[in-house]
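Input: a single structure, listed below in structure tokens.
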Amino acid sequence: MSHRNFSLAKGDRFSLDKEDGLSSLTITLGWKGAADLDACAFLLGEDGSIMNDADFVYYNSNNREKPFTREEFSTKRRWRELTRPMSADGSVLGSIDDLGDDNGDSSEDMKVNLEKVNCNISEIVFCTTIYDEKNTFGHVNDPYISIVNDETGEEICRYDLKEKFQSETAVVVGRLLYNENGIWEFEAVGQGYIGGMQMLIDIYA
């Protein structure tokens with residue numbers, strides 16, 4: 001069975017059945033405007049918190065897809081700029097930083113391989129935060145999250161956030177949940193918080 005693009009509203013869920021060939025996904029968090037947003041992910045156990053520091057996948061993580069060597073990257077800063085952060089089990093690769101564009105669209109992509117997810121992980125939460133403390137999501141236009149099947153290149157579902165965020169500096173955009181039938185589902189969340197990335201760390205770590 002092939003999926004057609006499905007537009008989600010807040011609270012909706014969409015089933016990602018393995019029988020449909022959905023194992024390798026691209027998760028895109030996009031927006032319009034000059035705000036510098038940072039995409040991140042938390043891989044959570046049954047208790048709703050990360051089990052390993054590397055399961056907080058974000059731009060400054062020291063767990064990355066390639067090890068640091070001076071010969072290849074010269075400095076740790078350049079290493080972080082050129083490589084993706086990676087979860088402890090290798091199932092989630094974080095984004096390369098997009099600093100935002102005054103005149104156009106901006107986005108950050110994360111990669112998820114559902115076949116690599118540690119069996120003790122029951123939820124993967126996708127979030128975005130404001131890097132500049134002077135900005136809030138009141139300055140962000142048309143935020144969305146999109147899920148693409150890497151095998152076909154097809155966008156299978158999308159959630160355009162309609163919430164009127166104002167003072168919030170962090171948003172839980174959506175999450176993947178492993179249900180009792182052994183199937184991953186994507187849920188559109190759209191929950192905003194004041195306190196930026198530290199607030200998310202306090203919740204999930």
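Naming works like this for the structure tokens: A, B, ... for the chains as they're shown, residue 1 at the start of each chain, ligands 1 onward in shown order.
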* Could you pull out all residues of range 6-180 of chain A with a DSSP call of alpha helix (DSSP H) and give them as a list in words? ->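 Residues meeting the alpha helix (DSSP H) criterion: Arg70, Glu71, Glu72, Phe73, Lys76, Arg77, Arg78, Trp79, Arg80, Glu81 and Leu82 of chain A.
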* To do: For Leu16 in chain A, work out the shell of residues within 9 Å, counting only C-alpha atoms and skipping chain neighbours fewer than 5 positions away, then give it as a PyMOL selection string.
  => chain A and resi 21-23+183-186
Got time to write the residues from that selection, N, CA and C atoms, as a PDB file, in the first residue's frame?
ATOM      1  N   GLY A  21       7.149  -0.133   3.611  1.00  0.00           N
ATOM      2  CA  GLY A  21       8.508   0.240   3.262  1.00  0.00           C
ATOM      3  C   GLY A  21       8.998   1.494   3.952  1.00  0.00           C
ATOM      4  N   LEU A  22       8.347   1.868   5.045  1.00  0.00           N
ATOM      5  CA  LEU A  22       8.716   3.092   5.740  1.00  0.00           C
ATOM      6  C   LEU A  22       9.729   2.774   6.839  1.00  0.00           C
ATOM      7  N   SER A  23      10.983   2.882   6.518  1.00  0.00           N
ATOM      8  CA  SER A  23      12.013   2.653   7.536  1.00  0.00           C
ATOM      9  C   SER A  23      13.012   3.804   7.587  1.00  0.00           C
ATOM     10  N   ILE A 183       3.975  -0.717  15.783  1.00  0.00           N
ATOM     11  CA  ILE A 183       4.021   0.194  14.636  1.00  0.00           C
ATOM     12  C   ILE A 183       4.355   1.599  15.127  1.00  0.00           C
ATOM     13  N   TRP A 184       5.234   2.282  14.392  1.00  0.00           N
ATOM     14  CA  TRP A 184       5.526   3.675  14.705  1.00  0.00           C
ATOM     15  C   TRP A 184       4.417   4.580  14.173  1.00  0.00           C
ATOM     16  N   GLU A 185       4.019   5.542  14.988  1.00  0.00           N
ATOM     17  CA  GLU A 185       3.049   6.549  14.591  1.00  0.00           C
ATOM     18  C   GLU A 185       3.670   7.937  14.781  1.00  0.00           C
ATOM     19  N   PHE A 186       3.352   8.842  13.860  1.00  0.00           N
ATOM     20  CA  PHE A 186       3.758  10.234  14.048  1.00  0.00           C
ATOM     21  C   PHE A 186       2.573  11.013  14.596  1.00  0.00           C
TER      22      PHE A 186
END
* To do: Would you kindly return, as a PyMOL selection string, each protein, DNA or RNA residue with an atom no farther than 9 Å from any atom of Thr136 in chain A, considering only C-alpha atoms and excluding same-chain residues fewer than 2 positions away?
  => chain A and resi 35+129-130+132-134+138-140+165-170+194
Let's have the selection written as a short mmCIF file (atom, residue, chain, number, x, y, z; two decimals), in the first residue's frame, with all heavy atoms.
data_model
loop_
_atom_site.label_atom_id
_atom_site.label_comp_id
_atom_site.auth_asym_id
_atom_site.auth_seq_id
_atom_site.Cartn_x
_atom_site.Cartn_y
_atom_site.Cartn_z
N ALA A 35 14.77 34.42 11.71
CA ALA A 35 15.08 33.81 13.00
C ALA A 35 15.97 32.58 12.80
O ALA A 35 15.79 31.82 11.85
CB ALA A 35 13.79 33.41 13.71
N THR A 129 14.08 25.24 18.66
CA THR A 129 14.29 26.31 19.63
C THR A 129 14.86 27.54 18.93
O THR A 129 15.44 27.45 17.85
CB THR A 129 15.26 25.87 20.74
OG1 THR A 129 16.53 25.53 20.16
CG2 THR A 129 14.72 24.65 21.49
N ILE A 130 14.70 28.69 19.58
CA ILE A 130 15.25 29.95 19.09
C ILE A 130 16.67 30.10 19.62
O ILE A 130 16.90 30.03 20.83
CB ILE A 130 14.40 31.14 19.57
CG1 ILE A 130 12.98 31.06 19.01
CG2 ILE A 130 15.07 32.46 19.19
CD1 ILE A 130 12.80 31.56 17.62
N ASP A 132 18.68 32.88 19.14
CA ASP A 132 18.87 34.26 19.61
C ASP A 132 17.85 34.55 20.70
O ASP A 132 16.65 34.55 20.47
CB ASP A 132 18.68 35.22 18.43
CG ASP A 132 18.91 36.68 18.83
OD1 ASP A 132 19.14 36.95 20.02
OD2 ASP A 132 18.86 37.54 17.93
N GLU A 133 18.33 34.86 21.91
CA GLU A 133 17.44 35.08 23.04
C GLU A 133 16.54 36.30 22.86
O GLU A 133 15.55 36.45 23.57
CB GLU A 133 18.26 35.22 24.33
CG GLU A 133 19.01 33.95 24.72
CD GLU A 133 19.82 34.12 25.98
OE1 GLU A 133 19.86 35.27 26.50
OE2 GLU A 133 20.40 33.13 26.45
N LYS A 134 16.89 37.19 21.92
CA LYS A 134 16.09 38.38 21.70
C LYS A 134 14.84 38.08 20.87
O LYS A 134 13.91 38.89 20.82
CB LYS A 134 16.92 39.46 20.98
CG LYS A 134 18.11 39.95 21.80
CD LYS A 134 18.93 40.96 21.01
CE LYS A 134 20.15 41.41 21.81
NZ LYS A 134 20.99 42.34 21.03
N GLY A 138 7.07 34.36 18.08
CA GLY A 138 6.22 35.41 17.52
C GLY A 138 6.83 36.03 16.27
O GLY A 138 6.13 36.67 15.48
N HIS A 139 8.15 35.82 16.07
CA HIS A 139 8.84 36.35 14.89
C HIS A 139 9.02 35.29 13.80
O HIS A 139 9.68 35.56 12.79
CB HIS A 139 10.23 36.88 15.28
CG HIS A 139 10.20 37.95 16.32
ND1 HIS A 139 10.39 37.70 17.66
CD2 HIS A 139 9.97 39.29 16.21
CE1 HIS A 139 10.31 38.85 18.33
NE2 HIS A 139 10.05 39.81 17.48
N VAL A 140 8.45 34.12 14.00
CA VAL A 140 8.63 33.01 13.06
C VAL A 140 7.34 32.83 12.26
O VAL A 140 6.25 32.77 12.83
CB VAL A 140 8.97 31.71 13.81
CG1 VAL A 140 9.04 30.53 12.85
CG2 VAL A 140 10.29 31.88 14.56
N PHE A 165 1.97 31.42 18.40
CA PHE A 165 3.00 31.55 19.42
C PHE A 165 3.43 33.02 19.53
O PHE A 165 3.50 33.73 18.53
CB PHE A 165 4.22 30.69 19.07
CG PHE A 165 3.91 29.22 19.00
CD1 PHE A 165 4.08 28.53 17.80
CD2 PHE A 165 3.45 28.53 20.10
CE1 PHE A 165 3.81 27.17 17.72
CE2 PHE A 165 3.17 27.18 20.03
CZ PHE A 165 3.34 26.50 18.84
N GLN A 166 3.74 33.45 20.75
CA GLN A 166 4.19 34.83 20.97
C GLN A 166 5.51 34.87 21.73
O GLN A 166 6.55 35.12 21.16
CB GLN A 166 3.09 35.62 21.72
CG GLN A 166 1.82 35.81 20.91
CD GLN A 166 2.04 36.60 19.63
OE1 GLN A 166 2.88 37.50 19.58
NE2 GLN A 166 1.31 36.27 18.57
N SER A 167 5.47 34.58 23.02
CA SER A 167 6.67 34.67 23.86
C SER A 167 7.44 33.37 23.94
O SER A 167 8.52 33.33 24.53
CB SER A 167 6.28 35.13 25.27
OG SER A 167 5.32 34.25 25.84
N GLU A 168 6.94 32.31 23.32
CA GLU A 168 7.60 31.00 23.39
C GLU A 168 8.94 31.02 22.66
O GLU A 168 9.10 31.67 21.63
CB GLU A 168 6.70 29.91 22.79
CG GLU A 168 5.45 29.62 23.59
CD GLU A 168 4.28 30.52 23.24
OE1 GLU A 168 4.49 31.52 22.50
OE2 GLU A 168 3.16 30.24 23.69
N THR A 169 9.91 30.28 23.20
CA THR A 169 11.23 30.17 22.58
C THR A 169 11.61 28.72 22.30
O THR A 169 12.73 28.45 21.86
CB THR A 169 12.30 30.82 23.49
OG1 THR A 169 12.18 30.29 24.81
CG2 THR A 169 12.13 32.33 23.52
N ALA A 170 10.70 27.80 22.56
CA ALA A 170 10.91 26.38 22.24
C ALA A 170 9.56 25.77 21.88
O ALA A 170 8.53 26.13 22.48
CB ALA A 170 11.52 25.62 23.42
N ILE A 194 8.26 28.57 27.13
CA ILE A 194 9.19 29.67 27.39
C ILE A 194 10.39 29.07 28.11
O ILE A 194 10.25 28.25 29.01
CB ILE A 194 8.52 30.75 28.25
CG1 ILE A 194 7.34 31.37 27.50
CG2 ILE A 194 9.53 31.83 28.66
CD1 ILE A 194 6.50 32.30 28.34
#
* To do: Skip range 121-123 of chain A itself and residues of its chain fewer than 4 positions away, then list as a ChimeraX atom specification all residues within 12 Å of it, counting only C-alpha atoms.
  => /A:41-52,55,87-89,91-92,114-117,174-180,182-187,204
Can I get the selection written as a compact mmCIF listing (two decimals), in the first residue's frame, with N, CA, C and O atoms?
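File produced: selection-v9.txt:
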# COMPACT_ATOMS: atom_id res chain seq x y z
N ALA A 41 16.26 16.57 18.67
CA ALA A 41 15.42 15.41 18.93
C ALA A 41 15.83 14.78 20.26
O ALA A 41 17.00 14.79 20.63
N PHE A 42 14.85 14.21 20.94
CA PHE A 42 15.07 13.46 22.17
C PHE A 42 14.54 12.04 21.96
O PHE A 42 13.38 11.86 21.58
N LEU A 43 15.38 11.04 22.20
CA LEU A 43 14.96 9.65 22.13
C LEU A 43 14.67 9.19 23.55
O LEU A 43 15.57 9.17 24.41
N LEU A 44 13.42 8.84 23.83
CA LEU A 44 12.97 8.62 25.20
C LEU A 44 12.66 7.16 25.48
O LEU A 44 12.13 6.44 24.63
N GLY A 45 12.96 6.74 26.71
CA GLY A 45 12.56 5.42 27.18
C GLY A 45 11.15 5.45 27.73
O GLY A 45 10.43 6.46 27.62
N GLU A 46 10.73 4.36 28.35
CA GLU A 46 9.37 4.24 28.86
C GLU A 46 9.04 5.29 29.91
O GLU A 46 7.88 5.66 30.10
N ASP A 47 10.07 5.79 30.63
CA ASP A 47 9.82 6.77 31.68
C ASP A 47 9.75 8.20 31.16
O ASP A 47 9.61 9.15 31.93
N GLY A 48 9.87 8.37 29.84
CA GLY A 48 9.74 9.70 29.25
C GLY A 48 10.99 10.55 29.32
O GLY A 48 10.92 11.77 29.12
N SER A 49 12.15 9.93 29.57
CA SER A 49 13.40 10.68 29.60
C SER A 49 14.46 9.95 28.80
O SER A 49 14.32 8.75 28.50
N ILE A 50 15.53 10.67 28.43
CA ILE A 50 16.60 10.04 27.67
C ILE A 50 17.38 9.08 28.57
O ILE A 50 17.50 9.29 29.78
N MET A 51 17.93 8.02 27.98
CA MET A 51 18.70 7.03 28.73
C MET A 51 20.19 7.26 28.59
O MET A 51 20.99 6.69 29.32
N ASN A 52 20.58 8.08 27.62
CA ASN A 52 21.98 8.33 27.31
C ASN A 52 22.10 9.78 26.87
O ASN A 52 21.23 10.30 26.17
N ASP A 55 21.37 10.67 23.36
CA ASP A 55 20.00 10.60 22.88
C ASP A 55 19.29 11.95 22.92
O ASP A 55 18.10 12.04 22.63
N SER A 87 22.34 10.05 17.45
CA SER A 87 21.86 9.40 18.68
C SER A 87 22.78 8.24 19.04
O SER A 87 23.59 7.77 18.23
N ALA A 88 22.66 7.78 20.28
CA ALA A 88 23.54 6.71 20.78
C ALA A 88 23.44 5.45 19.93
O ALA A 88 24.44 4.75 19.72
N ASP A 89 22.24 5.13 19.41
CA ASP A 89 22.06 3.91 18.62
C ASP A 89 22.28 4.13 17.13
O ASP A 89 22.19 3.18 16.34
N SER A 91 20.37 5.74 15.11
CA SER A 91 19.11 5.77 14.34
C SER A 91 18.70 7.17 13.93
O SER A 91 17.95 7.34 12.95
N VAL A 92 19.14 8.18 14.65
CA VAL A 92 18.75 9.56 14.36
C VAL A 92 19.99 10.39 14.09
O VAL A 92 20.92 10.43 14.90
N LEU A 114 14.25 3.81 11.27
CA LEU A 114 13.44 3.14 12.28
C LEU A 114 13.96 1.74 12.60
O LEU A 114 13.75 1.23 13.70
N GLU A 115 14.68 1.13 11.67
CA GLU A 115 15.20 -0.21 11.91
C GLU A 115 16.37 -0.21 12.88
O GLU A 115 16.73 -1.25 13.45
N LYS A 116 16.99 0.94 13.10
CA LYS A 116 18.14 1.04 14.00
C LYS A 116 17.76 1.49 15.42
O LYS A 116 18.62 1.51 16.31
N VAL A 117 16.50 1.86 15.63
CA VAL A 117 16.12 2.41 16.93
C VAL A 117 16.26 1.35 18.02
O VAL A 117 15.76 0.23 17.90
N GLY A 174 6.52 17.68 16.95
CA GLY A 174 5.87 16.40 16.75
C GLY A 174 6.68 15.29 17.39
O GLY A 174 7.78 15.51 17.90
N ARG A 175 6.14 14.07 17.34
CA ARG A 175 6.87 12.94 17.92
C ARG A 175 6.49 11.64 17.23
O ARG A 175 5.37 11.50 16.70
N LEU A 176 7.44 10.71 17.22
CA LEU A 176 7.19 9.35 16.78
C LEU A 176 6.96 8.49 18.01
O LEU A 176 7.76 8.52 18.95
N LEU A 177 5.88 7.72 17.98
CA LEU A 177 5.52 6.86 19.11
C LEU A 177 5.46 5.42 18.64
O LEU A 177 4.92 5.13 17.56
N TYR A 178 6.01 4.51 19.44
CA TYR A 178 5.95 3.07 19.13
C TYR A 178 4.75 2.50 19.87
O TYR A 178 4.74 2.43 21.10
N ASN A 179 3.70 2.10 19.11
CA ASN A 179 2.47 1.69 19.78
C ASN A 179 2.46 0.21 20.16
O ASN A 179 3.40 -0.53 19.87
N GLU A 180 1.38 -0.20 20.80
CA GLU A 180 1.28 -1.57 21.32
C GLU A 180 1.20 -2.61 20.21
O GLU A 180 1.39 -3.81 20.46
N GLY A 182 3.27 -2.57 17.70
CA GLY A 182 4.59 -2.66 17.08
C GLY A 182 4.74 -1.79 15.85
O GLY A 182 5.55 -2.09 14.97
N ILE A 183 3.97 -0.72 15.78
CA ILE A 183 4.02 0.19 14.64
C ILE A 183 4.36 1.60 15.13
O ILE A 183 3.83 2.06 16.15
N TRP A 184 5.23 2.28 14.39
CA TRP A 184 5.53 3.67 14.70
C TRP A 184 4.42 4.58 14.17
O TRP A 184 3.93 4.40 13.05
N GLU A 185 4.02 5.54 14.99
CA GLU A 185 3.05 6.55 14.59
C GLU A 185 3.67 7.94 14.78
O GLU A 185 4.40 8.16 15.74
N PHE A 186 3.35 8.84 13.86
CA PHE A 186 3.76 10.23 14.05
C PHE A 186 2.57 11.01 14.60
O PHE A 186 1.46 10.92 14.08
N GLU A 187 2.83 11.80 15.64
CA GLU A 187 1.79 12.65 16.23
C GLU A 187 2.18 14.11 16.09
O GLU A 187 3.30 14.51 16.43
N TYR A 204 12.97 16.51 29.41
CA TYR A 204 13.26 15.20 28.85
C TYR A 204 14.57 14.56 29.34
O TYR A 204 14.78 13.38 29.14
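The shortest atom-to-atom distance to Ile27 in chain A, with only C-alpha atoms taken into account, belongs to A:Leu93 out of A:Val189, A:Leu93, A:Met197, A:Val57.
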* From range 6-183 of chain A, collect each residue whose DSSP state is strand (DSSP E or B) and return the set as a ChimeraX atom specification. => /A:6-8,13-16,24-33,37-44,56-57,64,85-86,92-93,101-113,123-130,141-149,154-160,170-178
* What is the distance between CA of Met110 in chain A and CA of Thr128 in chain A, in Å to one decimal? ->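 Separation of CA of Met110 in chain A and CA of Thr128 in chain A: 11.7 Å.
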* **Who sits within 6 Å of Thr28 in chain A, only C-alpha atoms, same chain under 4 positions skipped, as a PyMOL selection string** => chain A and resi 108-109+145-146
* Asked: Got a sec: who's within 9 Å of Lys66 in chain A, counting only C-alpha atoms, leaving out chain neighbours fewer than 3 positions off, as JSON, numbers by chain?
  -> {"A": [63, 79, 83, 84, 85]}
Please dump the current selection as a PDB file, in the first residue's frame; keep N, CA and C atoms.
ATOM      1  N   ASN A  63      28.514  13.577  20.159  1.00  0.00           N
ATOM      2  CA  ASN A  63      28.319  12.273  19.513  1.00  0.00           C
ATOM      3  C   ASN A  63      27.855  12.538  18.081  1.00  0.00           C
ATOM      4  N   TRP A  79      34.453  20.700  12.993  1.00  0.00           N
ATOM      5  CA  TRP A  79      33.892  19.340  13.035  1.00  0.00           C
ATOM      6  C   TRP A  79      32.389  19.381  13.279  1.00  0.00           C
ATOM      7  N   THR A  83      29.544  18.111  10.383  1.00  0.00           N
ATOM      8  CA  THR A  83      29.006  16.767  10.625  1.00  0.00           C
ATOM      9  C   THR A  83      27.686  16.852  11.365  1.00  0.00           C
ATOM     10  N   ARG A  84      26.935  15.773  11.246  1.00  0.00           N
ATOM     11  CA  ARG A  84      25.635  15.718  11.921  1.00  0.00           C
ATOM     12  C   ARG A  84      25.768  15.082  13.306  1.00  0.00           C
ATOM     13  N   PRO A  85      25.051  15.624  14.292  1.00  0.00           N
ATOM     14  CA  PRO A  85      24.970  14.926  15.576  1.00  0.00           C
ATOM     15  C   PRO A  85      24.204  13.624  15.399  1.00  0.00           C
TER      16      PRO A  85
END
